[in-house]
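Peer 1: Here it is, the structure, as structure tokens.
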Amino acid sequence: MKRVDDFRLRLGKHEVVPIMIGGMGVDISTSALALEAARLGGVGHISDAMVPTVADRRFNTKYVKNKLQQYKFNVDNADKSVVQFDLGLLEEATRLHVESTMQAKRGAGMVFINCMEKLTMNAPKETLRVRLRAAMDAGIEGITLAAGLHLGSFALIEDHPRFRDVKLGIIVSSLRALQLFLKKSARTGRLPDYVVVEGPLAGGHLGFGMDWAKYDLAAIIAEIRDWMTAEHIDIPLIAAGGVFTGSDAVGFMEMGAAGVQVATRFTVTHECGLPEKVQQEYFKASEDDIEVNQLSPTGYPMRMIKHCPAIGDGIRPNCEAYGYLLDAGGRCSYVDAYHQAHAANPGQRRIPIYDKTCLCTHMRNFDCWTCGHNTYRLKDTTHRNQDGSYQVLSAEHVFHDYQYSVDQRIALPAQVRAECAA
Ligand SMILES: Cc1cc2nc3c(=O)[nH]c(=O)nc-3n(C[C@H](O)[C@H](O)[C@H](O)COP(=O)(O)O)c2cc1C
């Protein structure tokens with residue numbers, strides 16, 4: 001019976017354990033988590049979502065405070081077009097985050113960065129260019145293009161000296177999206193080094209509509225695999241979304257995937273950025289507690305735990321401090337929803353808003369509990385403590401469980417004695 005460790009993922013001259021830990025913004029997939037994946041011989045992702053605020057937390061910088069200070073005059077204004085990112089500071093924050101991670105890297109694996117196109121930041125092209133190039137300057141080994149079609153992203157970096165050296169991948173949820181990307185990027189004379197095929201059971205934003213349940217990851221992979229064979233295109237495919245055990249991973253690799261990208265099982269590890277209180281909510285969640293909704297201002301459906309603080313909260317938009325989802329015209333559908341609610345209820349202070357959420361604020365504060373479909377199974381991957389809480393895992397334990405398990409088995413961790421159940 002095969003296990004994941006019987007396979008290796010080739011990325012140019014690198015050969016790694018075919019397990020990628022997917023990017024999880026905002027700082028849910030921390031440097032520490034990505035570095036563990038690399039130490040163990042796989043691929044870890046940091047995320048470039050809201051890097052200035054992540055840098056403030058880690059390096060004691062003041063990017064957010066200073067930006068808020070600069071645009072404070074605009075906080076009550078529905079028009080956010082004036083709120084612009086300073087590209088030099090954005091570059092600096094990205095460099096800080098990436099450089100410090102890469103300096104700490106040990107082991108035979110690799111560290112990549114997840115870069116979401118939907119982080120439009122009031123100047124989509126300019127800010128994306130800076131984020132990509134700064135990560136390359138700072139020594140990142142790979143970039144996974146996410147949350148968007150990225151039709152122009154290769155062109156933004158094609159003149160960078162590391163364009164052919166950094167591993168570049170794209171996340172797609174359909175053959176059509178891949179075909180469009182390849183067509184638009186062909187001019188740069190470079191194929192992606194890997195393609196993550198993400199199915200409807202993933203966490204974060206989904207590349208499907210609200211009819212996501214009709215789609216099946218294995219069927220999408222088979223369609224892409226067959227098309228690539230017919231076109232003589234050879235790019236490693238990475239299966240993502242709902243891969244919960246080593247056996248699930250082997251199943252995808254036996255049908256032609258070169259590796260898997262996983263995330264949900266790592267949300268309850270010490271290295272993950274979620275506060276432990278939130279991790280316990282992930283453990284406790286039942287299948288009924290998880291929904292796919294349309295609250296994200298990006299327009300993509302997103303999977304969340306239904307009772308998370310982000311849902312229904314009518315907080316004043318924080319675009320002057322954050323503003324990552326402002327489109328090229330300075331608009332965000334949460335800002336619109338907020339101002340409409342206040343125009344309809346003059347004088348009222350905090351009005352619950354249920355159709356959109358202030359994603360920047362809530363992701364930044366770990367109050368938007370986005371999660372994968374299989375989150376309700378996390379309780380089966382660990383021990384229950386005496387006080388009813390669940391034992392948080394180590395990333396090494398989860399990684400090795402994917403790498404070595406067979407027969408759909410999930411290894412439980414060594415029980416922490418002080419917390420042993422009676
Ligand atoms: C909490 C959480 C946050 C995520 N955030 C992002 C993100 O910021 N960008 C992204 O491309 N994918 C994101 N994802 C998707 C993962 O990177 C990954 O592809 C997917 O969740 C894998 O499926 P699994 O969670 O069932 O293992 C997120 C997933 C989770 C669970």
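Identifiers in this document derive from the order of the structure tokens: chains are assigned A, B, ..., residues are numbered from 1 separately in each chain, and ligands are numbered from 1 in order of occurrence.
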Residues within 8 Å of ligand 1 should be enumerated using only C-alpha atoms and all ligand atoms and returned as a PyMOL selection string.
Peer 2: chain A and resi 21-26+28-29+47+49+114-116+144-147+171+196+198-199+201-205+240-244+261-265+267+369-375
Peer 1: Print the selection's residues with C-alpha atoms to a file, as a PDB file, in the first residue's frame.
Peer 2:
```pdb
ATOM      1  CA  ILE A  21       0.942  23.760   3.248  1.00  0.00           C
ATOM      2  CA  GLY A  22      -1.269  26.308   1.526  1.00  0.00           C
ATOM      3  CA  GLY A  23      -1.149  30.041   2.110  1.00  0.00           C
ATOM      4  CA  MET A  24      -3.616  31.256   4.715  1.00  0.00           C
ATOM      5  CA  GLY A  25      -4.000  34.981   5.138  1.00  0.00           C
ATOM      6  CA  VAL A  26      -3.891  37.060   7.264  1.00  0.00           C
ATOM      7  CA  ILE A  28      -2.709  32.186   9.668  1.00  0.00           C
ATOM      8  CA  SER A  29       0.031  30.444   7.687  1.00  0.00           C
ATOM      9  CA  SER A  47       1.000  34.931   2.783  1.00  0.00           C
ATOM     10  CA  ALA A  49      -2.111  39.445   2.678  1.00  0.00           C
ATOM     11  CA  ASN A 114       0.737  33.158  -1.539  1.00  0.00           C
ATOM     12  CA  CYS A 115      -0.213  36.269  -3.447  1.00  0.00           C
ATOM     13  CA  MET A 116      -3.880  37.117  -3.943  1.00  0.00           C
ATOM     14  CA  THR A 144       1.650  30.959  -5.723  1.00  0.00           C
ATOM     15  CA  LEU A 145      -0.723  33.273  -7.549  1.00  0.00           C
ATOM     16  CA  ALA A 146      -4.129  33.039  -5.885  1.00  0.00           C
ATOM     17  CA  ALA A 147      -7.636  34.514  -5.719  1.00  0.00           C
ATOM     18  CA  ILE A 171      -4.254  28.279  -8.277  1.00  0.00           C
ATOM     19  CA  VAL A 196      -2.621  24.048  -7.819  1.00  0.00           C
ATOM     20  CA  GLU A 198      -8.299  23.761  -5.869  1.00  0.00           C
ATOM     21  CA  GLY A 199     -11.666  22.081  -5.472  1.00  0.00           C
ATOM     22  CA  LEU A 201     -13.949  21.875  -0.230  1.00  0.00           C
ATOM     23  CA  ALA A 202     -11.059  24.300   0.382  1.00  0.00           C
ATOM     24  CA  GLY A 203     -10.905  27.067   2.970  1.00  0.00           C
ATOM     25  CA  GLY A 204     -10.717  30.783   2.245  1.00  0.00           C
ATOM     26  CA  HIS A 205     -12.244  32.123  -0.966  1.00  0.00           C
ATOM     27  CA  ALA A 240      -6.057  20.990  -3.041  1.00  0.00           C
ATOM     28  CA  GLY A 241      -9.271  21.170  -1.075  1.00  0.00           C
ATOM     29  CA  GLY A 242     -10.514  18.403   1.206  1.00  0.00           C
ATOM     30  CA  VAL A 243      -7.344  16.262   1.261  1.00  0.00           C
ATOM     31  CA  PHE A 244      -7.648  15.185   4.880  1.00  0.00           C
ATOM     32  CA  GLN A 261      -1.798  21.367  -1.020  1.00  0.00           C
ATOM     33  CA  VAL A 262      -3.352  21.114   2.424  1.00  0.00           C
ATOM     34  CA  ALA A 263      -4.346  23.649   5.033  1.00  0.00           C
ATOM     35  CA  THR A 264      -7.279  22.769   7.284  1.00  0.00           C
ATOM     36  CA  ARG A 265      -5.422  20.203   9.360  1.00  0.00           C
ATOM     37  CA  THR A 267      -5.095  25.370  11.429  1.00  0.00           C
ATOM     38  CA  TRP A 369     -13.173  32.142  10.949  1.00  0.00           C
ATOM     39  CA  THR A 370     -12.735  30.997   7.395  1.00  0.00           C
ATOM     40  CA  CYS A 371     -12.164  27.269   7.206  1.00  0.00           C
ATOM     41  CA  GLY A 372     -12.148  24.211   4.993  1.00  0.00           C
ATOM     42  CA  HIS A 373     -15.153  21.929   4.616  1.00  0.00           C
ATOM     43  CA  ASN A 374     -13.475  19.202   6.700  1.00  0.00           C
ATOM     44  CA  THR A 375     -12.968  21.413   9.739  1.00  0.00           C
TER      45      THR A 375
END
```
Peer 1: Could you pull out the residues in segment 120-343 of chain A that DSSP calls strand (DSSP E or B) from the backbone, as a VMD selection string?
Peer 2: chain A and resid 142 to 146 167 to 172 194 to 198 205 237 to 240 259 to 262 269 290 to 293 302 to 305 312
Peer 1: Would you mind listing what lies within 8 Å of Met102 of chain A as a list of chain:residue names, with only C-alpha atoms counted and same-chain residues fewer than 6 positions away left out?
Peer 2: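 With the cut-off at 8 Å, the set is A:Val111, A:Ala138, A:Gly139, A:Ile140.
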Peer 1: So how many Å separate atom CA of Asp159 of chain A and atom CA of Pro52 of chain A, to one decimal?
Peer 2: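 Straight-line distance from atom CA of Asp159 of chain A to atom CA of Pro52 of chain A works out to 25.4 Å.
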Peer 1: So how far away is atom CA of Glu36 of chain A from atom CA of Gly109 of chain A, in Å?
Peer 2: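 Atom CA of Gly109 of chain A sits 9.1 Å away from atom CA of Glu36 of chain A.
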Peer 1: Which of these residues is nearest to Phe208 of chain A, using only C-alpha atoms: A:Gly107, A:Gly299, A:Gly259, A:Gly189?
Peer 2: A:Gly299
Peer 1: Please determine, counting only C-alpha atoms, which residue among A:Glu141, A:Val250, A:Thr127, A:Arg225 has the shortest atom-to-atom distance to Arg8 of chain A.
Peer 2: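 Of A:Glu141, A:Val250, A:Thr127, A:Arg225, the one nearest Arg8 of chain A, counting only C-alpha atoms, is A:Val250.
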Peer 1: As an exercise, work out the distance from atom CA of Glu15 of chain A to atom CA of Leu156 of chain A in Å and give it to one decimal place.
Peer 2: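 According to the coordinates, atom CA of Glu15 of chain A and atom CA of Leu156 of chain A are separated by 27.9 Å.
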Peer 1: Residues at most 7 Å from segment 275-284 of chain A, counting only C-alpha atoms, excluding those fewer than 4 positions away in the same chain, as a PDB file with N, CA and C atoms, in the first residue's frame?
Peer 2:
```
ATOM      1  N   THR A 267      -4.532  24.207  10.710  1.00  0.00           N
ATOM      2  CA  THR A 267      -5.095  25.370  11.429  1.00  0.00           C
ATOM      3  C   THR A 267      -5.097  25.147  12.938  1.00  0.00           C
ATOM      4  N   VAL A 268      -4.971  23.899  13.353  1.00  0.00           N
ATOM      5  CA  VAL A 268      -5.000  23.610  14.798  1.00  0.00           C
ATOM      6  C   VAL A 268      -3.628  23.156  15.289  1.00  0.00           C
ATOM      7  N   THR A 375     -13.292  20.916   8.395  1.00  0.00           N
ATOM      8  CA  THR A 375     -12.968  21.413   9.739  1.00  0.00           C
ATOM      9  C   THR A 375     -13.694  20.613  10.826  1.00  0.00           C
ATOM     10  N   TYR A 376     -14.905  20.184  10.523  1.00  0.00           N
ATOM     11  CA  TYR A 376     -15.682  19.437  11.538  1.00  0.00           C
ATOM     12  C   TYR A 376     -15.026  18.094  11.888  1.00  0.00           C
ATOM     13  N   LEU A 378     -11.754  17.851  12.526  1.00  0.00           N
ATOM     14  CA  LEU A 378     -10.495  18.088  13.251  1.00  0.00           C
ATOM     15  C   LEU A 378     -10.516  17.462  14.639  1.00  0.00           C
ATOM     16  N   LYS A 379     -11.686  17.408  15.248  1.00  0.00           N
ATOM     17  CA  LYS A 379     -11.779  16.846  16.611  1.00  0.00           C
ATOM     18  C   LYS A 379     -11.335  15.381  16.632  1.00  0.00           C
ATOM     19  N   SER A 389     -11.416  20.958  26.485  1.00  0.00           N
ATOM     20  CA  SER A 389     -10.775  21.542  25.303  1.00  0.00           C
ATOM     21  C   SER A 389     -10.027  20.444  24.542  1.00  0.00           C
ATOM     22  N   TYR A 390      -9.548  20.778  23.373  1.00  0.00           N
ATOM     23  CA  TYR A 390      -8.820  19.808  22.550  1.00  0.00           C
ATOM     24  C   TYR A 390      -7.333  20.117  22.567  1.00  0.00           C
TER      25      TYR A 390
END
```
Peer 1: Which neighbours of Cys358 of chain A fall inside 7 Å, counting only C-alpha atoms, when residues of the same chain fewer than 2 positions from it are skipped, and could you give them as a PDB file with C-alpha atoms, in the first residue's frame?
Peer 2:
```pdb
ATOM      1  CA  PRO A 317     -14.890  50.435   7.739  1.00  0.00           C
ATOM      2  CA  TYR A 334     -18.811  46.535   2.642  1.00  0.00           C
ATOM      3  CA  LYS A 356     -21.160  41.866   3.662  1.00  0.00           C
ATOM      4  CA  CYS A 360      -9.753  43.438   6.315  1.00  0.00           C
ATOM      5  CA  THR A 361     -10.567  44.213   9.947  1.00  0.00           C
ATOM      6  CA  HIS A 362     -11.957  40.808  10.789  1.00  0.00           C
TER       7      HIS A 362
END
```
Peer 1: Identify which of the residues A:Asn318, A:Ser153, A:Gln408, A:Gln415 lies closest to Lys72 of chain A, counting only C-alpha atoms when measuring atom-to-atom distances.
Peer 2: A:Asn318
Peer 1: Identify which of the residues A:Cys368, A:Ile143, A:Val195, A:Met136 lies closest to Pro161 of chain A, counting only C-alpha atoms when measuring atom-to-atom distances.
Peer 2: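 Smallest separation from Pro161 of chain A among the options: A:Met136.
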